Structures are given as C-alpha cells and as structure tokens.
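**Student:** So here's structure_24.pdb (PDB, C-alpha atoms, pLDDT in the B column).
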```pdb
ATOM      1  CA  MET A  18     -35.518  11.699  14.012  1.00 61.00           C
ATOM      2  CA  HIS A  19     -35.370   8.564  16.119  1.00 61.00           C
ATOM      3  CA  TRP A  20     -32.993   5.582  15.821  1.00 58.00           C
ATOM      4  CA  LYS A  21     -32.727   2.380  17.800  1.00 66.00           C
ATOM      5  CA  ASP A  22     -29.591   0.440  16.890  1.00 62.00           C
ATOM      6  CA  HIS A  23     -26.410  -1.014  18.389  1.00 64.00           C
ATOM      7  CA  GLY A  24     -27.863  -1.128  21.896  1.00 78.00           C
ATOM      8  CA  ARG A  25     -28.810   2.518  22.047  1.00 79.00           C
ATOM      9  CA  ILE A  26     -31.698   4.834  21.302  1.00 86.00           C
ATOM     10  CA  GLU A  27     -30.896   8.125  19.655  1.00 84.00           C
ATOM     11  CA  TYR A  28     -32.998  11.214  18.978  1.00 88.00           C
ATOM     12  CA  ARG A  29     -31.737  13.908  16.649  1.00 86.00           C
ATOM     13  CA  THR A  30     -33.180  17.303  15.872  1.00 87.00           C
ATOM     14  CA  CYS A  31     -31.778  19.718  13.354  1.00 88.00           C
ATOM     15  CA  SER A  32     -32.268  23.418  12.827  1.00 88.00           C
ATOM     16  CA  ILE A  33     -30.832  25.460  10.001  1.00 88.00           C
ATOM     17  CA  MET A  34     -29.902  29.053   9.350  1.00 85.00           C
ATOM     18  CA  GLN A  35     -29.924  30.134   5.730  1.00 78.00           C
ATOM     19  CA  ASP A  36     -30.325  33.880   6.155  1.00 81.00           C
ATOM     20  CA  LEU A  37     -26.647  34.680   6.532  1.00 82.00           C
ATOM     21  CA  ARG A  38     -26.766  38.455   6.041  1.00 80.00           C
ATOM     22  CA  ASP A  39     -25.571  39.042   9.620  1.00 81.00           C
ATOM     23  CA  ILE A  40     -22.400  36.960   9.208  1.00 81.00           C
ATOM     24  CA  GLN A  41     -19.315  39.089   9.736  1.00 83.00           C
ATOM     25  CA  ASN A  42     -16.492  38.972   7.164  1.00 83.00           C
ATOM     26  CA  GLN A  43     -18.735  37.454   4.501  1.00 79.00           C
ATOM     27  CA  GLN A  44     -15.940  37.581   1.928  1.00 82.00           C
ATOM     28  CA  GLU A  45     -14.109  34.931   4.004  1.00 85.00           C
ATOM     29  CA  TRP A  46     -17.164  32.655   3.818  1.00 84.00           C
ATOM     30  CA  ALA A  47     -17.671  32.654   0.043  1.00 84.00           C
ATOM     31  CA  GLY A  48     -20.019  29.856  -0.941  1.00 87.00           C
ATOM     32  CA  LEU A  49     -21.474  29.393   2.550  1.00 88.00           C
ATOM     33  CA  LYS A  50     -25.196  28.667   2.187  1.00 88.00           C
ATOM     34  CA  THR A  51     -26.320  26.989   5.416  1.00 87.00           C
ATOM     35  CA  ILE A  52     -25.331  26.772   9.063  1.00 88.00           C
ATOM     36  CA  LEU A  53     -26.697  23.654  10.763  1.00 89.00           C
ATOM     37  CA  LYS A  54     -27.254  22.862  14.414  1.00 91.00           C
ATOM     38  CA  MET A  55     -27.896  19.234  15.337  1.00 88.00           C
ATOM     39  CA  GLU A  56     -28.868  18.230  18.851  1.00 91.00           C
ATOM     40  CA  ARG A  57     -28.488  14.595  19.782  1.00 88.00           C
ATOM     41  CA  GLU A  58     -29.803  12.672  22.774  1.00 91.00           C
ATOM     42  CA  ARG A  59     -28.341   9.170  23.071  1.00 88.00           C
ATOM     43  CA  THR A  60     -29.409   6.559  25.639  1.00 91.00           C
ATOM     44  CA  VAL A  61     -27.471   3.319  26.106  1.00 88.00           C
ATOM     45  CA  ILE A  62     -30.165   0.707  26.708  1.00 87.00           C
ATOM     46  CA  SER A  63     -28.121  -1.606  28.959  1.00 89.00           C
ATOM     47  CA  THR A  64     -27.116   1.152  31.395  1.00 91.00           C
ATOM     48  CA  ASN A  65     -29.975   3.602  30.799  1.00 91.00           C
ATOM     49  CA  GLN A  66     -27.301   6.329  30.657  1.00 93.00           C
ATOM     50  CA  THR A  67     -28.240   9.338  28.534  1.00 94.00           C
ATOM     51  CA  THR A  68     -25.841  11.830  26.965  1.00 93.00           C
ATOM     52  CA  TYR A  69     -26.605  15.071  25.155  1.00 95.00           C
ATOM     53  CA  GLU A  70     -24.557  16.634  22.412  1.00 93.00           C
ATOM     54  CA  THR A  71     -24.875  19.707  20.189  1.00 94.00           C
ATOM     55  CA  LEU A  72     -23.027  19.698  16.871  1.00 88.00           C
ATOM     56  CA  TYR A  73     -22.625  22.518  14.370  1.00 90.00           C
ATOM     57  CA  TYR A  74     -21.987  22.145  10.655  1.00 87.00           C
ATOM     58  CA  ILE A  75     -21.525  24.509   7.744  1.00 87.00           C
ATOM     59  CA  SER A  76     -22.495  23.735   4.167  1.00 87.00           C
ATOM     60  CA  SER A  77     -22.081  25.206   0.720  1.00 88.00           C
ATOM     61  CA  ARG A  78     -25.519  23.785  -0.165  1.00 86.00           C
ATOM     62  CA  SER A  79     -28.954  25.179   0.677  1.00 87.00           C
ATOM     63  CA  MET A  80     -31.048  22.475   2.332  1.00 86.00           C
ATOM     64  CA  THR A  81     -33.927  21.778   4.652  1.00 86.00           C
ATOM     65  CA  ALA A  82     -33.470  20.392   8.163  1.00 84.00           C
ATOM     66  CA  GLU A  83     -34.635  16.964   6.941  1.00 84.00           C
ATOM     67  CA  GLN A  84     -32.101  16.994   4.086  1.00 84.00           C
ATOM     68  CA  ALA A  85     -29.389  18.043   6.546  1.00 82.00           C
ATOM     69  CA  LEU A  86     -30.165  15.137   8.910  1.00 78.00           C
ATOM     70  CA  PHE A  87     -30.000  12.724   5.970  1.00 80.00           C
ATOM     71  CA  ALA A  88     -26.707  14.220   4.726  1.00 78.00           C
ATOM     72  CA  ILE A  89     -25.125  14.016   8.188  1.00 74.00           C
ATOM     73  CA  GLY A  90     -26.291  10.398   8.610  1.00 69.00           C
ATOM     74  CA  SER A  91     -25.019   9.474   5.139  1.00 63.00           C
ATOM     75  CA  HIS A  92     -21.615  10.983   5.901  1.00 55.00           C
ATOM     76  CA  TRP A  93     -21.225   8.829   9.018  1.00 55.00           C
ATOM     77  CA  GLY A  94     -22.484   5.804   7.100  1.00 50.00           C
ATOM     78  CA  ILE A  95     -19.428   6.234   4.893  1.00 46.00           C
ATOM     79  CA  GLN A  96     -16.990   7.169   7.672  1.00 50.00           C
ATOM     80  CA  ASN A  97     -17.857   4.422  10.157  1.00 51.00           C
ATOM     81  CA  PRO A  98     -16.698   1.459   7.993  1.00 61.00           C
ATOM     82  CA  LEU A  99     -13.365   3.208   7.387  1.00 63.00           C
ATOM     83  CA  HIS A 100     -12.862   3.786  11.113  1.00 64.00           C
ATOM     84  CA  TYR A 101     -13.925   0.209  11.843  1.00 69.00           C
ATOM     85  CA  VAL A 102     -11.263  -1.202   9.511  1.00 73.00           C
ATOM     86  CA  LEU A 103      -8.575   1.112  10.865  1.00 74.00           C
ATOM     87  CA  ASP A 104      -9.467   0.222  14.443  1.00 71.00           C
ATOM     88  CA  VAL A 105     -10.073  -3.522  14.074  1.00 70.00           C
ATOM     89  CA  GLN A 106      -7.530  -4.435  11.387  1.00 73.00           C
ATOM     90  CA  PHE A 107      -4.846  -1.862  12.165  1.00 73.00           C
ATOM     91  CA  GLN A 108      -5.693  -1.450  15.887  1.00 75.00           C
ATOM     92  CA  GLU A 109      -5.425   2.304  15.509  1.00 73.00           C
ATOM     93  CA  ASP A 110      -7.239   3.050  18.783  1.00 71.00           C
ATOM     94  CA  ASN A 111      -4.665   0.979  20.688  1.00 73.00           C
ATOM     95  CA  SER A 112      -1.748   3.060  19.414  1.00 76.00           C
ATOM     96  CA  ARG A 113       0.049   4.900  22.210  1.00 80.00           C
ATOM     97  CA  VAL A 114       2.197   7.029  19.908  1.00 78.00           C
ATOM     98  CA  ARG A 115       1.775  10.609  21.109  1.00 78.00           C
ATOM     99  CA  ASN A 116       5.028  12.507  20.466  1.00 81.00           C
ATOM    100  CA  GLY A 117       4.877  15.523  18.189  1.00 83.00           C
ATOM    101  CA  HIS A 118       3.165  14.719  14.895  1.00 86.00           C
ATOM    102  CA  ALA A 119       3.926  10.986  15.035  1.00 83.00           C
ATOM    103  CA  ASP A 120       0.308   9.977  15.686  1.00 82.00           C
ATOM    104  CA  ALA A 121      -0.975  11.953  12.689  1.00 83.00           C
ATOM    105  CA  ASN A 122       1.878  10.660  10.513  1.00 87.00           C
ATOM    106  CA  LEU A 123       1.143   7.036  11.446  1.00 85.00           C
ATOM    107  CA  ALA A 124      -2.589   7.554  10.838  1.00 82.00           C
ATOM    108  CA  THR A 125      -1.771   8.812   7.341  1.00 86.00           C
ATOM    109  CA  ILE A 126       0.516   5.834   6.681  1.00 85.00           C
ATOM    110  CA  ARG A 127      -2.212   3.423   7.860  1.00 84.00           C
ATOM    111  CA  LYS A 128      -4.753   5.004   5.495  1.00 84.00           C
ATOM    112  CA  ILE A 129      -2.296   4.827   2.588  1.00 87.00           C
ATOM    113  CA  ALA A 130      -1.585   1.167   3.389  1.00 85.00           C
ATOM    114  CA  LEU A 131      -5.310   0.406   3.609  1.00 84.00           C
ATOM    115  CA  ASN A 132      -5.960   2.057   0.244  1.00 85.00           C
ATOM    116  CA  MET A 133      -3.089   0.143  -1.375  1.00 88.00           C
ATOM    117  CA  ILE A 134      -4.431  -3.134   0.021  1.00 87.00           C
ATOM    118  CA  LYS A 135      -7.951  -2.311  -1.219  1.00 85.00           C
ATOM    119  CA  LEU A 136      -6.594  -1.713  -4.736  1.00 88.00           C
ATOM    120  CA  ASN A 137      -5.366  -5.309  -4.878  1.00 86.00           C
ATOM    121  CA  GLN A 138      -7.898  -7.412  -6.810  1.00 85.00           C
ATOM    122  CA  ASP A 139      -7.315 -10.695  -4.919  1.00 86.00           C
ATOM    123  CA  LYS A 140     -10.455 -12.085  -3.283  1.00 87.00           C
ATOM    124  CA  GLU A 141      -8.990 -12.339   0.232  1.00 88.00           C
ATOM    125  CA  SER A 142     -10.101 -10.136   3.109  1.00 85.00           C
ATOM    126  CA  ILE A 143      -8.208  -6.987   4.057  1.00 83.00           C
ATOM    127  CA  ASN A 144      -6.864  -8.769   7.127  1.00 83.00           C
ATOM    128  CA  VAL A 145      -5.533 -11.710   5.091  1.00 89.00           C
ATOM    129  CA  LYS A 146      -3.930  -9.355   2.545  1.00 90.00           C
ATOM    130  CA  ARG A 147      -2.367  -7.310   5.349  1.00 86.00           C
ATOM    131  CA  HIS A 148      -0.803 -10.389   6.939  1.00 88.00           C
ATOM    132  CA  LYS A 149       0.235 -11.770   3.561  1.00 90.00           C
ATOM    133  CA  ALA A 150       1.975  -8.467   2.741  1.00 89.00           C
ATOM    134  CA  ALA A 151       3.831  -8.647   6.068  1.00 89.00           C
ATOM    135  CA  TRP A 152       5.212 -12.139   5.345  1.00 92.00           C
ATOM    136  CA  ASP A 153       5.500 -12.383   1.553  1.00 91.00           C
ATOM    137  CA  ASP A 154       7.970  -9.978  -0.084  1.00 92.00           C
ATOM    138  CA  SER A 155       6.634 -10.505  -3.612  1.00 91.00           C
ATOM    139  CA  PHE A 156       3.023  -9.934  -2.525  1.00 91.00           C
ATOM    140  CA  ARG A 157       4.065  -6.796  -0.632  1.00 89.00           C
ATOM    141  CA  GLU A 158       5.950  -5.544  -3.700  1.00 89.00           C
ATOM    142  CA  ASN A 159       2.843  -6.155  -5.780  1.00 88.00           C
ATOM    143  CA  ILE A 160       0.720  -4.202  -3.266  1.00 87.00           C
ATOM    144  CA  ILE A 161       3.048  -1.196  -3.249  1.00 85.00           C
ATOM    145  CA  LYS A 162       3.955  -1.560  -6.949  1.00 81.00           C
ATOM    146  CA  ILE A 163       7.728  -1.343  -6.515  1.00 55.00           C
TER     147      ILE A 163
END
```
As structure tokens, what does this structure read like?
**Tutor:**
Amino acid sequence: MHWKDHGRIEYRTCSIMQDLRDIQNQQEWAGLKTILKMERERTVISTNQTTYETLYYISSRSMTAEQALFAIGSHWGIQNPLHYVLDVQFQEDNSRVRNGHADANLATIRKIALNMIKLNQDKESINVKRHKAAWDDSFRENIIKI
C-alpha cells in the first residue's frame, strides 16, 4: 500500500503466516490464528530522508494480508487522536518524570483525567474544560463526581 500524507510518503507491505503447526508451546498460544509481518518504508518529503521499519503482530483472527493492513491502519487511526490530545493538551511528551514507575503512574492519571473530562456533556473543548476544572472547584467536583 502507498500513502502520501503529513509531508511524507509511506509504502507498506504485509505478509502473513497462518500455518502455525511449527509453533512451539502451542498450548501457551491458544487462540492464535495469524502472525503478521509489516514492512514500512517512510520518506519525509522535505528532507528526502527515508527510514525502514519491520513490525510484527499477532492476531486471534484469520485474515488476508490486505485485511491485516486495513486493521493495522484502523488501529492507529483510533490511537493517534488519543496520543494527540495527551501530547497537545496534557503535554505528555514534555514530561521529564523518569523515576521508578512515576512516568507510567502519571500517564495513567492523565488518561483517567481525560476520560472524566470527555464524560462531561458541556459543549466546551477539552482544553477549556481542563482549565476550567483547574480553576473552578465546583466544576472540578462535577467532573470527578465527588
């Protein structure tokens, strides 16, 4: 498959393995139907820099290579908006917390906060609701349902 978007050109190929008789310890892989290999070539148009990446996936569903490419693309279509909100609104990528499990704990708290804000039915943006919750005790209480 070929994509041209966001200032880059990307080619993806996918191969699948559905004959899994040679898998060792098959009892540990109950439900495994397909092993996928996706190779990606990505060129940034402005710099003409090309990178290559090989990704492996496992699935409990039998599928063709075309179905696998669509499923992988659909997954990232769902994930990318979540990461965008966490990075832009919560500035998650700028966090320098690195001690122990603190970074994972804060990431979990951010996702919980985002979900609580999304549950609020007001028409304001996530950013407005986030700031409003920071400054208005009653709004914050409503968001967290104290």
**Student:** Could you expand the PyMOL selection byres ((chain A and resi 54-64) around 10) into the explicit residues it covers here, written as an mmCIF file with C-alpha atoms, keeping the file's coordinate frame?
**Tutor:**
```
data_model
loop_
_atom_site.group_PDB
_atom_site.id
_atom_site.type_symbol
_atom_site.label_atom_id
_atom_site.label_comp_id
_atom_site.auth_asym_id
_atom_site.auth_seq_id
_atom_site.Cartn_x
_atom_site.Cartn_y
_atom_site.Cartn_z
ATOM 1 C CA MET A 18 -35.518 11.699 14.012
ATOM 2 C CA HIS A 19 -35.370 8.564 16.119
ATOM 3 C CA TRP A 20 -32.993 5.582 15.821
ATOM 4 C CA LYS A 21 -32.727 2.380 17.800
ATOM 5 C CA ASP A 22 -29.591 0.440 16.890
ATOM 6 C CA HIS A 23 -26.410 -1.014 18.389
ATOM 7 C CA GLY A 24 -27.863 -1.128 21.896
ATOM 8 C CA ARG A 25 -28.810 2.518 22.047
ATOM 9 C CA ILE A 26 -31.698 4.834 21.302
ATOM 10 C CA GLU A 27 -30.896 8.125 19.655
ATOM 11 C CA TYR A 28 -32.998 11.214 18.978
ATOM 12 C CA ARG A 29 -31.737 13.908 16.649
ATOM 13 C CA THR A 30 -33.180 17.303 15.872
ATOM 14 C CA CYS A 31 -31.778 19.718 13.354
ATOM 15 C CA SER A 32 -32.268 23.418 12.827
ATOM 16 C CA ILE A 33 -30.832 25.460 10.001
ATOM 17 C CA MET A 34 -29.902 29.053 9.350
ATOM 18 C CA THR A 51 -26.320 26.989 5.416
ATOM 19 C CA ILE A 52 -25.331 26.772 9.063
ATOM 20 C CA LEU A 53 -26.697 23.654 10.763
ATOM 21 C CA ASN A 65 -29.975 3.602 30.799
ATOM 22 C CA GLN A 66 -27.301 6.329 30.657
ATOM 23 C CA THR A 67 -28.240 9.338 28.534
ATOM 24 C CA THR A 68 -25.841 11.830 26.965
ATOM 25 C CA TYR A 69 -26.605 15.071 25.155
ATOM 26 C CA GLU A 70 -24.557 16.634 22.412
ATOM 27 C CA THR A 71 -24.875 19.707 20.189
ATOM 28 C CA LEU A 72 -23.027 19.698 16.871
ATOM 29 C CA TYR A 73 -22.625 22.518 14.370
ATOM 30 C CA TYR A 74 -21.987 22.145 10.655
ATOM 31 C CA ILE A 75 -21.525 24.509 7.744
ATOM 32 C CA ALA A 82 -33.470 20.392 8.163
ATOM 33 C CA ALA A 85 -29.389 18.043 6.546
ATOM 34 C CA LEU A 86 -30.165 15.137 8.910
ATOM 35 C CA ILE A 89 -25.125 14.016 8.188
#
```
**Student:** Using atom CA of Leu123 of chain A and atom CA of Glu109 of chain A as the two end points, give the distance in Å to one decimal.
**Tutor:**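 Computed distance, atom CA of Leu123 of chain A to atom CA of Glu109 of chain A, equals 9.1 Å.
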**Student:** Could you give me, as an mmCIF file with C-alpha atoms, in the coordinates of the input, the residues within 12 Å of Arg127 of chain A, counting only C-alpha atoms and dropping anything in the same chain fewer than 5 positions from it?
**Tutor:**
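See result-v4.cif below for the written result:
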```
data_model
loop_
_atom_site.group_PDB
_atom_site.id
_atom_site.type_symbol
_atom_site.label_atom_id
_atom_site.label_comp_id
_atom_site.auth_asym_id
_atom_site.auth_seq_id
_atom_site.Cartn_x
_atom_site.Cartn_y
_atom_site.Cartn_z
ATOM 1 C CA LEU A 99 -13.365 3.208 7.387
ATOM 2 C CA HIS A 100 -12.862 3.786 11.113
ATOM 3 C CA VAL A 102 -11.263 -1.202 9.511
ATOM 4 C CA LEU A 103 -8.575 1.112 10.865
ATOM 5 C CA ASP A 104 -9.467 0.222 14.443
ATOM 6 C CA GLN A 106 -7.530 -4.435 11.387
ATOM 7 C CA PHE A 107 -4.846 -1.862 12.165
ATOM 8 C CA GLN A 108 -5.693 -1.450 15.887
ATOM 9 C CA GLU A 109 -5.425 2.304 15.509
ATOM 10 C CA SER A 112 -1.748 3.060 19.414
ATOM 11 C CA ASP A 120 0.308 9.977 15.686
ATOM 12 C CA ALA A 121 -0.975 11.953 12.689
ATOM 13 C CA ASN A 122 1.878 10.660 10.513
ATOM 14 C CA ASN A 132 -5.960 2.057 0.244
ATOM 15 C CA MET A 133 -3.089 0.143 -1.375
ATOM 16 C CA ILE A 134 -4.431 -3.134 0.021
ATOM 17 C CA ARG A 147 -2.367 -7.310 5.349
#
```
**Student:** To verify the selection step, state as a ChimeraX atom specification which residues the PyMOL selection byres ((chain A and resi 161) around 12) yields on this input.
**Tutor:** /A:129-137,147,150-151,154-160,162-163
**Student:** Could you put an axis-aligned box around every listed atom of segment 26-39 of chain A, padded by 3 Å on each side, and send me its centre and edge lengths in Å to one decimal, as lines of an AutoDock Vina configuration file?
**Tutor:**
```
center_x = -29.4
center_y = 21.9
center_z = 13.5
size_x = 13.6
size_y = 40.2
size_z = 21.6
```
**Student:** Could you tell me which residues the PyMOL selection byres ((chain A and resi 50) around 6) returns for this structure, as a list in words?
**Tutor:**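 Selected by the PyMOL selection byres ((chain A and resi 50) around 6) here: Leu49, Thr51, Ser76, Ser77, Arg78 and Ser79 of chain A.
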**Student:** Residues of the last selection are to be written out with C-alpha atoms, as a CSV table (one decimal), in the coordinates of the input.
**Tutor:**
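Saved as again23.csv:
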```
chain,number,residue,atom,x,y,z
A,49,LEU,CA,-21.5,29.4,2.6
A,51,THR,CA,-26.3,27.0,5.4
A,76,SER,CA,-22.5,23.7,4.2
A,77,SER,CA,-22.1,25.2,0.7
A,78,ARG,CA,-25.5,23.8,-0.2
A,79,SER,CA,-29.0,25.2,0.7
```
**Student:** Between atom CA of Asp153 of chain A and atom CA of Lys140 of chain A, what is the spacing in Å?
**Tutor:**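 Atom CA of Asp153 of chain A lies 16.7 Å from atom CA of Lys140 of chain A.
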**Student:** Distance atom CA of Thr125 of chain A-atom CA of Asp139 of chain A, one decimal place?
**Tutor:**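 Atom CA of Thr125 of chain A sits 23.7 Å away from atom CA of Asp139 of chain A.
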**Student:** Name the closest residue to Val105 of chain A among the candidates A:Lys149, A:Asp39, A:Gln44, A:Ile143; distances are taken between atoms, counting all atoms listed in the file.
**Tutor:**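 Between A:Lys149, A:Asp39, A:Gln44, A:Ile143, the residue approaching Val105 of chain A most closely is A:Ile143.
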